Amino acid sequence: MAEVSKGEEGFEFKVSEPERSENGDFFTNAAFSLSRKLKKPPQEVAESLALRLRRGRYTLIERSEAKNGFVNIFLKDSVLISTLEEKISFPKREEKINVEFVSANPTGPLTMANGRGGFYGDVLSNILAKVGYDVTREYYINDAGNQVRLLGESIEAAEGKREVKEEYYQGGYIKELMGKSTEEAIQKLLGEIQSSLEKAGIKFDVWFSEEKNLRETKEFDKTLYDFEKRGLLEKRDGAVWFGDRVFVKSNGDPTYLLIDIAYLRNKLIERKFDKAIIILGADHHAEALQVKKGIAALGIEPGRLKILILQLVRLMSKGEEVRMSKRAGAFVTLDELLEQIPIDVARWFFLEKALSTHMDFDLDLAKEKSEKNPVYYVQYAHTRMASILAKSNLEAKLPTAFGHAAERNLIMKVLRYQDLIEEVSKDYQVHRLTTYAYELAQTFSAFYRDVKVVGSEREAELLYLVSKTKETLADLLSLLEISRPEKM
RNA sequence: GCCCUCGUAGUUCAAUGGACAGAACGUAGGCCUCCGAAGCCUGAAAUACAAGUUCGACUCUUGUCGAGGGCGCCA
């Protein structure tokens with residue numbers, strides 16, 4: 001709802017929702033930008049705007065007022081009530097969106113940090129699908145190249161067939177791979193990754209193999225050809241360069257940069273996705289910049305690529321940082337995490353933080369605090385709603401008016417849901433959903449405290465509010481893929 | 001040295017450039033003859049520092065300090 005509008009002469013204003021309900025259902029800051037133009041104090045301009053709103057035939061508005069230069073707008077109760085009746089719907093969208101996330105190398109188990117990106121991408125995909133996009137969830141399997149060779153050698157080193165080097169993977173899981181070929185090892189590790197993801201409730205539509213889907217199909221050659229065609233490549237020292245970056249090494253191998261660009265070209269050109277969203281760890285941000293340059297050079301509209309940088313998770317123990325390293329074998333796996341804390345708690349814990357948060361994670365503390373996780377508060381509100389609905393024998397009926405301010409507040413909150421989903425589908429700030437879920441639960445708790453439903457003269461009408469709230473909360477929790485208990 | 005993030009109560013996190021910076025945990029206290037106390041109510045407690053832009057700055061700009069990540073013919 002908070003939309004910026006541009007007026008004729010370049011002045012901007014927006015309509016948004018105030019934090020305090022005493023300041024209206026909506027407010028606008030239009031008077032501030034107008035005041036400069038009109039050379040009058042903001043409050044004076046606001047008063048004339050408010051007056052105009054009062055005089056005009058705006059059938060939705062109950063009243064308007066000017067306060068501190070803001071114009072506050074109060075909607076009619078009847079408007080809120082009739083809006084409540086409308087089903088949530090979104091405009092038709094034709095765009096195909098590819099969301100790539102996790103994409104951890106099949107050289108070891110998934111870590112807890114992979115979980116953060118996993119939950120995030122999973123829910124983001126849910127949201128995009130909810131608002132009507134054609135969404136493909138994709139996992140890139142890095143099953144070729146240097147990492148794979150390293151894995152093979154690491155296994156041989158564990159078997160005593162070669163000397164251990166520092167760059168080798170040394171986690172305990174390597175021992176379990178002894179006797180296997182590199183291909184078998186990758187298959188086994190990939191299988192384990194897939195089962196971890198499944199346990200975590202993170203789903204994928206496409207498992208994109210570098211070996212099968214990029215190398216065997218000659219995507220590199222096609223990409224190189226596109227660059228060559230535009231005169232963007234040069235040969236030097238036996239390698240192929242794009243500016244100051246190498247695309248093909250002197251030994252003939254492609255660099256990761258060429259691989260990444262070829263992969264994106266495959267998504268955006270070969271497979272014709274309108275948009276590619278990639279969730280990357282902060283340790284790959286430099287790569288993101290390079291890839292964007294490459295895409296731009298190919299003439300692909302930059303807006304079709306959206307790279308979301310997820311800050312790394314720092315593992316803490318007893319106030320000290322624990323360095324996580326897959327190679328050294330020091331990390332907490334996603335499986336271990338989910339053995340220690342319930343999945344709803346884990347999901348909430350990761351989903352409530354913005355992408356840009358450098359989060360600290362203390363497993364011991366997490367176990368201890370798991371019982372106090374806000375997710376239970378939200379679920380508890382859901383069970384209360386369920387309990388009220390179960391207790392009443394009446395049929396819910398659309399209200400005709402409100403009996404208590406708490407009813408109105410609850411409706412305002414419920415009505416906010418659709419806009420929120422729409423906004424998040426554009427700004428990708430998935431954590432706003434958990435914030436909203438908590439607020440909705442809080443608003444309901446206030447309603448629960450102030451308004452007795454069962455046995456009330458208006459029981460049927462109040463039931464309508466409760467059931468609508470429950471529907472909304474359940475819809476939200478299903479997007480987050482957090483369970484919606486009827487009883488706890 | 002250069003680049004990208006981030007510094008908000010004791011702790012972990014919120015806050016489309018808007019009105020009095022919100023929660024949770026912890027902490028001081030209060031509330032169950034009444035739809036579920038996994039709840040409700042009342043306290044104490046924060047924008048790293050310094051300038052600037054703006055009617056208005058946690059938010060934008062610059063600088064300082066601090067934290068994380070990155071600057072390969074590794075991925």
# chains A, B, ... in the order shown; residues from 1 in each chain; ligands from 1
>>> residues_around(residues="stretch 416-428 of chain A", least_positions_apart="2", cutoff="8 Å", atoms="only C-alpha atoms (C1' of nucleotides)", output="list in words")
Met1, Ile88, Ser89, Leu124, Ile127, Leu128, Val131, Met412, Lys413, Val414, Val430, Arg432, Leu433 and Thr472 of chain A
>>> write_last_selection(atoms="N, CA and C atoms", output="PDB file, in the first residue's frame")
ATOM      1  N   MET A   1       0.832  -1.193   0.000  1.00  0.00           N
ATOM      2  CA  MET A   1       0.000   0.000   0.000  1.00  0.00           C
ATOM      3  C   MET A   1       0.871   1.250   0.000  1.00  0.00           C
ATOM      4  N   ILE A  88      -8.396 -13.400  -1.499  1.00  0.00           N
ATOM      5  CA  ILE A  88      -7.074 -12.924  -1.878  1.00  0.00           C
ATOM      6  C   ILE A  88      -6.787 -13.345  -3.315  1.00  0.00           C
ATOM      7  N   SER A  89      -6.414 -12.394  -4.136  1.00  0.00           N
ATOM      8  CA  SER A  89      -6.075 -12.765  -5.506  1.00  0.00           C
ATOM      9  C   SER A  89      -4.967 -11.852  -6.014  1.00  0.00           C
ATOM     10  N   LEU A 124      11.066 -17.981  -0.455  1.00  0.00           N
ATOM     11  CA  LEU A 124      10.980 -16.978  -1.519  1.00  0.00           C
ATOM     12  C   LEU A 124      10.266 -17.576  -2.738  1.00  0.00           C
ATOM     13  N   ILE A 127       6.593 -17.731  -2.213  1.00  0.00           N
ATOM     14  CA  ILE A 127       5.950 -16.421  -2.338  1.00  0.00           C
ATOM     15  C   ILE A 127       5.762 -16.054  -3.804  1.00  0.00           C
ATOM     16  N   LEU A 128       6.807 -16.255  -4.583  1.00  0.00           N
ATOM     17  CA  LEU A 128       6.728 -15.910  -6.002  1.00  0.00           C
ATOM     18  C   LEU A 128       5.649 -16.741  -6.700  1.00  0.00           C
ATOM     19  N   VAL A 131       2.113 -15.420  -5.763  1.00  0.00           N
ATOM     20  CA  VAL A 131       1.614 -14.241  -6.465  1.00  0.00           C
ATOM     21  C   VAL A 131       1.468 -14.481  -7.970  1.00  0.00           C
ATOM     22  N   MET A 412      -7.786  -4.799  10.270  1.00  0.00           N
ATOM     23  CA  MET A 412      -6.770  -4.022   9.564  1.00  0.00           C
ATOM     24  C   MET A 412      -5.521  -4.863   9.338  1.00  0.00           C
ATOM     25  N   LYS A 413      -5.157  -5.615  10.375  1.00  0.00           N
ATOM     26  CA  LYS A 413      -3.967  -6.460  10.293  1.00  0.00           C
ATOM     27  C   LYS A 413      -4.163  -7.574   9.271  1.00  0.00           C
ATOM     28  N   VAL A 414      -5.306  -8.188   9.316  1.00  0.00           N
ATOM     29  CA  VAL A 414      -5.600  -9.283   8.383  1.00  0.00           C
ATOM     30  C   VAL A 414      -5.590  -8.766   6.944  1.00  0.00           C
ATOM     31  N   VAL A 430      12.154 -11.691   2.678  1.00  0.00           N
ATOM     32  CA  VAL A 430      11.342 -12.784   3.201  1.00  0.00           C
ATOM     33  C   VAL A 430      11.086 -12.679   4.704  1.00  0.00           C
ATOM     34  N   ARG A 432      10.217 -10.377   6.414  1.00  0.00           N
ATOM     35  CA  ARG A 432       9.069  -9.549   6.788  1.00  0.00           C
ATOM     36  C   ARG A 432       7.845 -10.417   7.085  1.00  0.00           C
ATOM     37  N   LEU A 433       7.824 -11.612   6.535  1.00  0.00           N
ATOM     38  CA  LEU A 433       6.693 -12.497   6.789  1.00  0.00           C
ATOM     39  C   LEU A 433       6.645 -12.958   8.247  1.00  0.00           C
ATOM     40  N   THR A 472      -5.957 -16.618   7.369  1.00  0.00           N
ATOM     41  CA  THR A 472      -4.809 -15.797   6.971  1.00  0.00           C
ATOM     42  C   THR A 472      -3.518 -16.318   7.590  1.00  0.00           C
TER      43      THR A 472
END
>>> closest_atom_pairs(of="chain A", to="chain B", cutoff="7 Å", atoms="only C-alpha atoms (C1' of nucleotides)", output="CSV")
residue,atom,partner,partner_atom,distance
A:Ala2,CA,B:U16,C1',6.5
A:Phe32,CA,B:C55,C1',6.7
A:Gln147,CA,B:A75,C1',6.7
A:Val246,CA,B:C73,C1',6.4
A:Lys249,CA,B:C73,C1',4.6
A:Ser250,CA,B:C73,C1',6.5
A:Tyr256,CA,B:A75,C1',6.2
A:Ala282,CA,B:G69,C1',5.9
A:Asp283,CA,B:G69,C1',5.4
A:His285,CA,B:C4,C1',6.8
A:Ala286,CA,B:G70,C1',6.2
A:Lys353,CA,B:C13,C1',6.7
A:Ser356,CA,B:U5,C1',6.9
A:Thr357,CA,B:C6,C1',6.9
A:His358,CA,B:C6,C1',6.5
A:Pro374,CA,B:A24,C1',6.9
A:Tyr376,CA,B:A38,C1',6.5
A:Tyr377,CA,B:A38,C1',6.6
A:Tyr380,CA,B:A38,C1',6.4
A:Arg384,CA,B:G36,C1',6.4
A:Ile388,CA,B:C35,C1',5.6
A:Lys452,CA,B:C35,C1',6.5
A:Val453,CA,B:C35,C1',6.2
A:Val454,CA,B:C35,C1',5.4
>>> write_last_selection(atoms="N, CA and C atoms", output="PDB file, in the first residue's frame")
ATOM      1  N   ALA A   2       2.068   1.094   0.530  1.00  0.00           N
ATOM      2  CA  ALA A   2       2.939   2.264   0.635  1.00  0.00           C
ATOM      3  C   ALA A   2       3.549   2.569  -0.717  1.00  0.00           C
ATOM      4  N   PHE A  32       4.098  17.831   2.996  1.00  0.00           N
ATOM      5  CA  PHE A  32       5.494  18.252   3.156  1.00  0.00           C
ATOM      6  C   PHE A  32       6.111  18.673   1.828  1.00  0.00           C
ATOM      7  N   GLN A 147      36.984 -29.236  -7.880  1.00  0.00           N
ATOM      8  CA  GLN A 147      36.494 -29.699  -6.581  1.00  0.00           C
ATOM      9  C   GLN A 147      36.331 -31.213  -6.585  1.00  0.00           C
ATOM     10  N   VAL A 246      40.166 -14.411 -17.111  1.00  0.00           N
ATOM     11  CA  VAL A 246      40.364 -15.557 -17.996  1.00  0.00           C
ATOM     12  C   VAL A 246      39.073 -16.361 -18.110  1.00  0.00           C
ATOM     13  N   LYS A 249      41.439 -21.468 -19.530  1.00  0.00           N
ATOM     14  CA  LYS A 249      42.823 -21.562 -19.066  1.00  0.00           C
ATOM     15  C   LYS A 249      43.708 -22.105 -20.174  1.00  0.00           C
ATOM     16  N   SER A 250      45.006 -21.919 -20.006  1.00  0.00           N
ATOM     17  CA  SER A 250      45.928 -22.366 -21.056  1.00  0.00           C
ATOM     18  C   SER A 250      45.906 -23.885 -21.203  1.00  0.00           C
ATOM     19  N   TYR A 256      35.807 -20.838 -13.556  1.00  0.00           N
ATOM     20  CA  TYR A 256      34.488 -20.796 -12.915  1.00  0.00           C
ATOM     21  C   TYR A 256      33.660 -19.650 -13.461  1.00  0.00           C
ATOM     22  N   ALA A 282      27.846 -14.629   1.014  1.00  0.00           N
ATOM     23  CA  ALA A 282      28.631 -13.401   0.908  1.00  0.00           C
ATOM     24  C   ALA A 282      30.059 -13.681   0.431  1.00  0.00           C
ATOM     25  N   ASP A 283      30.506 -14.917   0.596  1.00  0.00           N
ATOM     26  CA  ASP A 283      31.860 -15.240   0.146  1.00  0.00           C
ATOM     27  C   ASP A 283      31.951 -15.296  -1.378  1.00  0.00           C
ATOM     28  N   HIS A 285      30.452 -12.815  -3.340  1.00  0.00           N
ATOM     29  CA  HIS A 285      29.894 -11.574  -3.877  1.00  0.00           C
ATOM     30  C   HIS A 285      30.720 -10.999  -5.028  1.00  0.00           C
ATOM     31  N   ALA A 286      32.047 -11.224  -4.989  1.00  0.00           N
ATOM     32  CA  ALA A 286      32.901 -10.688  -6.051  1.00  0.00           C
ATOM     33  C   ALA A 286      32.545 -11.342  -7.381  1.00  0.00           C
ATOM     34  N   LYS A 353      15.384 -13.391  10.173  1.00  0.00           N
ATOM     35  CA  LYS A 353      16.460 -12.424   9.994  1.00  0.00           C
ATOM     36  C   LYS A 353      16.590 -11.974   8.543  1.00  0.00           C
ATOM     37  N   SER A 356      20.788  -9.508   5.048  1.00  0.00           N
ATOM     38  CA  SER A 356      22.007  -8.746   5.275  1.00  0.00           C
ATOM     39  C   SER A 356      22.525  -8.893   6.708  1.00  0.00           C
ATOM     40  N   THR A 357      21.783  -9.599   7.537  1.00  0.00           N
ATOM     41  CA  THR A 357      22.218  -9.754   8.927  1.00  0.00           C
ATOM     42  C   THR A 357      23.381 -10.729   9.042  1.00  0.00           C
ATOM     43  N   HIS A 358      24.423 -10.270   9.652  1.00  0.00           N
ATOM     44  CA  HIS A 358      25.554 -11.163   9.945  1.00  0.00           C
ATOM     45  C   HIS A 358      25.166 -11.898  11.213  1.00  0.00           C
ATOM     46  N   PRO A 374       9.811 -17.632  19.247  1.00  0.00           N
ATOM     47  CA  PRO A 374       8.556 -16.950  18.920  1.00  0.00           C
ATOM     48  C   PRO A 374       7.605 -17.781  18.060  1.00  0.00           C
ATOM     49  N   TYR A 376       6.429 -20.530  18.622  1.00  0.00           N
ATOM     50  CA  TYR A 376       5.401 -21.136  19.468  1.00  0.00           C
ATOM     51  C   TYR A 376       4.302 -20.144  19.818  1.00  0.00           C
ATOM     52  N   TYR A 377       4.682 -18.903  19.941  1.00  0.00           N
ATOM     53  CA  TYR A 377       3.709 -17.860  20.226  1.00  0.00           C
ATOM     54  C   TYR A 377       2.700 -17.765  19.084  1.00  0.00           C
ATOM     55  N   TYR A 380       0.638 -20.888  18.937  1.00  0.00           N
ATOM     56  CA  TYR A 380      -0.316 -20.881  20.043  1.00  0.00           C
ATOM     57  C   TYR A 380      -1.547 -20.041  19.700  1.00  0.00           C
ATOM     58  N   ARG A 384      -5.468 -21.251  19.555  1.00  0.00           N
ATOM     59  CA  ARG A 384      -6.569 -20.565  20.229  1.00  0.00           C
ATOM     60  C   ARG A 384      -7.715 -20.300  19.257  1.00  0.00           C
ATOM     61  N   ILE A 388     -11.516 -21.803  19.581  1.00  0.00           N
ATOM     62  CA  ILE A 388     -12.759 -21.023  19.572  1.00  0.00           C
ATOM     63  C   ILE A 388     -13.720 -21.569  18.521  1.00  0.00           C
ATOM     64  N   LYS A 452     -14.770 -11.359  24.102  1.00  0.00           N
ATOM     65  CA  LYS A 452     -15.140 -12.756  24.307  1.00  0.00           C
ATOM     66  C   LYS A 452     -16.036 -13.191  23.160  1.00  0.00           C
ATOM     67  N   VAL A 453     -15.654 -14.265  22.511  1.00  0.00           N
ATOM     68  CA  VAL A 453     -16.405 -14.695  21.333  1.00  0.00           C
ATOM     69  C   VAL A 453     -17.541 -15.640  21.706  1.00  0.00           C
ATOM     70  N   VAL A 454     -17.167 -16.784  22.284  1.00  0.00           N
ATOM     71  CA  VAL A 454     -18.162 -17.813  22.578  1.00  0.00           C
ATOM     72  C   VAL A 454     -19.126 -17.319  23.656  1.00  0.00           C
TER      73      VAL A 454
END
>>> select_by_dssp(residues="stretch 295-358 of chain A", states="strand (DSSP E)", output="list in words")
Leu305, Lys306, Ile307, Leu308, Ile309, Leu310, Arg314, Leu315, Met316, Ser317, Glu320, Glu321 and Val322 of chain A
>>> atom_distance(atom1="atom CA of A:Ser33", atom2="atom C1' of B:U53")
15.8 Å
>>> residues_around(residues="A:Ile193", least_positions_apart="4", cutoff="12 Å", atoms="only C-alpha atoms (C1' of nucleotides)", output="PyMOL selection string")
chain A and resi 102-111+114-115+118+139+141+186-189+197-200+202-204+207+333-335
>>> write_last_selection(atoms="N, CA and C atoms", output="tab-separated table (two decimals), in the first residue's frame")
chain	number	residue	atom	x	y	z
A	102	VAL	N	21.04	-22.83	-2.45
A	102	VAL	CA	21.87	-23.86	-1.82
A	102	VAL	C	23.06	-24.19	-2.74
A	103	SER	N	22.81	-25.05	-3.76
A	103	SER	CA	23.88	-25.38	-4.73
A	103	SER	C	25.22	-25.67	-4.07
A	104	ALA	N	25.20	-26.33	-2.93
A	104	ALA	CA	26.45	-26.69	-2.26
A	104	ALA	C	27.14	-27.79	-3.06
A	105	ASN	N	28.46	-27.75	-3.10
A	105	ASN	CA	29.21	-28.77	-3.81
A	105	ASN	C	28.95	-30.15	-3.20
A	106	PRO	N	28.81	-31.17	-4.03
A	106	PRO	CA	28.60	-32.51	-3.49
A	106	PRO	C	29.92	-33.12	-3.01
A	107	THR	N	30.61	-32.39	-2.17
A	107	THR	CA	31.89	-32.86	-1.66
A	107	THR	C	31.83	-33.02	-0.15
A	108	GLY	N	30.62	-32.96	0.39
A	108	GLY	CA	30.46	-33.11	1.82
A	108	GLY	C	29.03	-32.85	2.19
A	109	PRO	N	28.68	-33.05	3.46
A	109	PRO	CA	27.30	-32.84	3.88
A	109	PRO	C	26.92	-31.36	3.90
A	110	LEU	N	25.64	-31.09	3.90
A	110	LEU	CA	25.17	-29.71	4.01
A	110	LEU	C	25.44	-29.18	5.40
A	111	THR	N	25.87	-27.94	5.46
A	111	THR	CA	26.09	-27.34	6.76
A	111	THR	C	24.86	-26.55	7.18
A	114	ASN	N	24.18	-23.70	5.00
A	114	ASN	CA	23.45	-24.01	3.77
A	114	ASN	C	21.95	-23.98	4.06
A	115	GLY	N	21.62	-24.32	5.30
A	115	GLY	CA	20.22	-24.30	5.70
A	115	GLY	C	19.61	-22.91	5.60
A	118	GLY	N	18.85	-22.27	2.16
A	118	GLY	CA	17.83	-23.22	1.75
A	118	GLY	C	16.43	-22.80	2.18
A	139	TYR	N	18.78	-26.41	-8.23
A	139	TYR	CA	20.01	-26.69	-7.47
A	139	TYR	C	21.10	-27.00	-8.49
A	141	ILE	N	24.46	-28.58	-9.40
A	141	ILE	CA	25.37	-29.60	-8.88
A	141	ILE	C	26.74	-29.43	-9.52
A	186	ILE	N	30.46	-39.00	-5.29
A	186	ILE	CA	29.58	-37.85	-5.56
A	186	ILE	C	28.12	-38.26	-5.51
A	187	GLN	N	27.82	-39.40	-6.09
A	187	GLN	CA	26.44	-39.88	-6.06
A	187	GLN	C	25.96	-40.08	-4.63
A	188	LYS	N	26.84	-40.65	-3.81
A	188	LYS	CA	26.47	-40.90	-2.42
A	188	LYS	C	26.26	-39.58	-1.67
A	189	LEU	N	27.20	-38.66	-1.85
A	189	LEU	CA	27.10	-37.38	-1.15
A	189	LEU	C	25.89	-36.59	-1.62
A	197	LEU	N	17.92	-32.21	2.61
A	197	LEU	CA	17.03	-31.14	2.17
A	197	LEU	C	15.57	-31.56	2.33
A	198	GLU	N	15.33	-32.80	2.02
A	198	GLU	CA	13.96	-33.30	2.14
A	198	GLU	C	13.51	-33.27	3.59
A	199	LYS	N	14.40	-33.70	4.46
A	199	LYS	CA	14.07	-33.66	5.89
A	199	LYS	C	13.80	-32.25	6.36
A	200	ALA	N	14.52	-31.30	5.77
A	200	ALA	CA	14.35	-29.90	6.16
A	200	ALA	C	13.15	-29.26	5.47
A	202	ILE	N	12.92	-28.63	2.27
A	202	ILE	CA	13.34	-27.74	1.20
A	202	ILE	C	13.27	-28.50	-0.12
A	203	LYS	N	12.49	-27.95	-1.05
A	203	LYS	CA	12.20	-28.69	-2.28
A	203	LYS	C	12.85	-28.07	-3.51
A	204	PHE	N	13.18	-28.92	-4.47
A	204	PHE	CA	13.72	-28.45	-5.74
A	204	PHE	C	12.99	-29.10	-6.90
A	207	TRP	N	17.49	-30.43	-10.73
A	207	TRP	CA	18.85	-30.65	-10.25
A	207	TRP	C	19.73	-30.52	-11.47
A	333	THR	N	26.43	-29.82	10.77
A	333	THR	CA	25.65	-30.13	9.58
A	333	THR	C	24.19	-29.78	9.81
A	334	LEU	N	23.48	-29.64	8.70
A	334	LEU	CA	22.05	-29.35	8.77
A	334	LEU	C	21.33	-30.48	9.50
A	335	ASP	N	21.75	-31.70	9.23
A	335	ASP	CA	21.13	-32.85	9.91
A	335	ASP	C	21.31	-32.77	11.42
>>> residues_around(residues="A:Ala296", least_positions_apart="3", cutoff="12 Å", atoms="only C-alpha atoms (C1' of nucleotides)", output="PyMOL selection string")
chain A and resi 227+232+261+264-265+289-293+299-305
>>> atom_distance(atom1="atom CA of A:Asp362", atom2="atom CA of A:Glu320")
9.3 Å
>>> residues_around(residues="stretch 436-443 of chain A", least_positions_apart="5", cutoff="6 Å", atoms="only C-alpha atoms (C1' of nucleotides)", output="PyMOL selection string")
chain A and resi 378+381+410
>>> residues_around(residues="B:A15", least_positions_apart="5", cutoff="12 Å", atoms="only C-alpha atoms (C1' of nucleotides)", output="list of chain:residue names")
A:Glu19, A:Ala354, A:Arg432, A:Thr435, B:U8, B:A21, B:G22, B:A23, B:U47, B:C58, B:U59
>>> write_last_selection(atoms="C-alpha atoms (C1' of nucleotides)", output="PDB file, in the first residue's frame")
ATOM      1  CA  GLU A  19       2.422   2.619  13.399  1.00  0.00           C
ATOM      2  CA  ALA A 354      17.131 -10.179   7.022  1.00  0.00           C
ATOM      3  CA  ARG A 432       9.069  -9.549   6.788  1.00  0.00           C
ATOM      4  CA  THR A 435       7.605 -10.197  11.561  1.00  0.00           C
TER       5      THR A 435
ATOM      6  C1'   U B   8      20.341  -0.625  17.342  1.00  0.00           C
ATOM      7  C1'   A B  21      13.032   3.382  17.571  1.00  0.00           C
ATOM      8  C1'   G B  22       9.539  -2.171  18.200  1.00  0.00           C
ATOM      9  C1'   A B  23       9.877  -7.486  19.844  1.00  0.00           C
ATOM     10  C1'   U B  47      20.560   3.792  17.164  1.00  0.00           C
ATOM     11  C1'   C B  58      18.654   3.864  12.558  1.00  0.00           C
ATOM     12  C1'   U B  59      17.720   4.562   7.238  1.00  0.00           C
TER      13        U B  59
END
>>> residues_around(residues="A:Leu480", least_positions_apart="5", cutoff="9 Å", atoms="only C-alpha atoms (C1' of nucleotides)", output="list of chain:residue names")
A:Phe119, A:Asp122, A:Val123, A:Leu124, A:Asn126, A:Ile127, A:Arg347, A:Trp348, A:Leu351, A:Leu433, A:Thr434, A:Asp475
>>> write_last_selection(atoms="C-alpha atoms", output="PDB file, in the first residue's frame")
ATOM      1  CA  PHE A 119      14.971 -22.038   3.941  1.00  0.00           C
ATOM      2  CA  ASP A 122      12.386 -22.229  -0.431  1.00  0.00           C
ATOM      3  CA  VAL A 123      10.114 -19.601   1.075  1.00  0.00           C
ATOM      4  CA  LEU A 124      10.980 -16.978  -1.519  1.00  0.00           C
ATOM      5  CA  ASN A 126       6.703 -20.123  -2.370  1.00  0.00           C
ATOM      6  CA  ILE A 127       5.950 -16.421  -2.338  1.00  0.00           C
ATOM      7  CA  ARG A 347      12.956 -22.479  10.055  1.00  0.00           C
ATOM      8  CA  TRP A 348      11.714 -19.581  12.115  1.00  0.00           C
ATOM      9  CA  LEU A 351      13.636 -16.866   8.412  1.00  0.00           C
ATOM     10  CA  LEU A 433       6.693 -12.497   6.789  1.00  0.00           C
ATOM     11  CA  THR A 434       7.786 -13.718  10.195  1.00  0.00           C
ATOM     12  CA  ASP A 475      -1.953 -19.342   4.689  1.00  0.00           C
TER      13      ASP A 475
END
>>> select_by_dssp(residues="stretch 212-408 of chain A", states="helix (DSSP H, G or I)", output="ChimeraX atom specification")
/A:212-215,219-229,256-270,282-297,302-304,334-340,343-351,363-372,374-391,405-408
>>> write_last_selection(atoms="C-alpha atoms", output="compact mmCIF listing (two decimals), in the first residue's frame")
# COMPACT_ATOMS: atom_id res chain seq x y z
CA LYS A 212 25.55 -33.37 -17.93
CA ASN A 213 23.79 -30.07 -18.51
CA LEU A 214 26.68 -27.70 -19.17
CA ARG A 215 29.71 -29.65 -20.28
CA GLU A 219 27.24 -24.65 -23.29
CA PHE A 220 30.74 -23.24 -22.91
CA ASP A 221 31.31 -23.26 -26.65
CA LYS A 222 28.02 -21.51 -27.30
CA THR A 223 28.85 -18.89 -24.71
CA LEU A 224 32.34 -18.37 -26.04
CA TYR A 225 30.90 -18.04 -29.52
CA ASP A 226 28.54 -15.29 -28.33
CA PHE A 227 31.43 -13.38 -26.82
CA GLU A 228 33.65 -14.00 -29.83
CA LYS A 229 30.92 -12.75 -32.16
CA TYR A 256 34.49 -20.80 -12.92
CA LEU A 257 33.61 -17.39 -14.35
CA LEU A 258 32.95 -18.83 -17.80
CA ILE A 259 31.01 -21.67 -16.19
CA ASP A 260 28.83 -19.25 -14.24
CA ILE A 261 28.15 -17.09 -17.25
CA ALA A 262 27.41 -20.08 -19.45
CA TYR A 263 25.02 -21.36 -16.80
CA LEU A 264 23.20 -18.04 -16.68
CA ARG A 265 23.11 -17.85 -20.43
CA ASN A 266 21.57 -21.29 -20.37
CA LYS A 267 18.89 -20.11 -17.97
CA LEU A 268 18.08 -16.81 -19.64
CA ILE A 269 18.57 -17.63 -23.30
CA GLU A 270 18.43 -21.39 -23.87
CA ALA A 282 28.63 -13.40 0.91
CA ASP A 283 31.86 -15.24 0.15
CA HIS A 284 30.83 -15.20 -3.50
CA HIS A 285 29.89 -11.57 -3.88
CA ALA A 286 32.90 -10.69 -6.05
CA GLU A 287 31.84 -13.39 -8.43
CA ALA A 288 28.40 -11.83 -8.62
CA LEU A 289 29.87 -8.58 -9.87
CA GLN A 290 31.92 -10.35 -12.55
CA VAL A 291 28.98 -12.40 -13.71
CA LYS A 292 26.82 -9.29 -14.03
CA LYS A 293 29.46 -7.73 -16.23
CA GLY A 294 29.55 -10.80 -18.43
CA ILE A 295 25.78 -10.87 -18.78
CA ALA A 296 25.69 -7.20 -19.67
CA ALA A 297 28.35 -7.78 -22.33
CA PRO A 302 20.61 -6.65 -16.29
CA GLY A 303 17.25 -6.59 -14.54
CA ARG A 304 16.69 -10.19 -15.55
CA LEU A 334 22.05 -29.35 8.77
CA ASP A 335 21.13 -32.85 9.91
CA GLU A 336 22.80 -32.35 13.28
CA LEU A 337 21.01 -29.06 13.71
CA LEU A 338 17.64 -30.64 13.02
CA GLU A 339 18.37 -33.43 15.46
CA GLN A 340 18.88 -30.87 18.17
CA ILE A 343 12.28 -28.01 12.40
CA ASP A 344 9.68 -25.29 12.97
CA VAL A 345 12.08 -23.59 15.34
CA ALA A 346 14.98 -23.88 12.92
CA ARG A 347 12.96 -22.48 10.05
CA TRP A 348 11.71 -19.58 12.12
CA PHE A 349 15.13 -18.87 13.51
CA PHE A 350 16.64 -18.45 10.06
CA LEU A 351 13.64 -16.87 8.41
CA LEU A 363 24.01 -24.15 19.08
CA ASP A 364 24.03 -24.60 22.86
CA LEU A 365 22.06 -21.44 23.35
CA ALA A 366 19.75 -22.38 20.51
CA LYS A 367 18.91 -25.67 22.19
CA GLU A 368 18.30 -23.88 25.44
CA LYS A 369 16.18 -21.16 23.86
CA SER A 370 14.42 -23.41 21.44
CA GLU A 371 11.42 -23.71 23.78
CA LYS A 372 11.12 -19.95 23.90
CA PRO A 374 8.56 -16.95 18.92
CA VAL A 375 7.26 -19.59 16.53
CA TYR A 376 5.40 -21.14 19.47
CA TYR A 377 3.71 -17.86 20.23
CA VAL A 378 2.41 -17.70 16.68
CA GLN A 379 1.34 -21.33 16.70
CA TYR A 380 -0.32 -20.88 20.04
CA ALA A 381 -2.42 -18.07 18.63
CA HIS A 382 -3.43 -20.44 15.85
CA THR A 383 -4.54 -23.11 18.32
CA ARG A 384 -6.57 -20.56 20.23
CA MET A 385 -8.39 -19.65 17.05
CA ALA A 386 -8.95 -23.31 16.32
CA SER A 387 -10.22 -23.84 19.81
CA ILE A 388 -12.76 -21.02 19.57
CA LEU A 389 -14.03 -22.29 16.24
CA ALA A 390 -14.32 -25.80 17.65
CA LYS A 391 -16.21 -24.61 20.68
CA ALA A 405 -11.57 -1.33 18.73
CA ALA A 406 -9.72 -4.66 18.95
CA GLU A 407 -11.98 -6.07 16.24
CA ARG A 408 -11.12 -3.24 13.90
>>> atom_distance(atom1="atom CA of A:Glu459", atom2="atom CA of A:Gly403")
11.3 Å
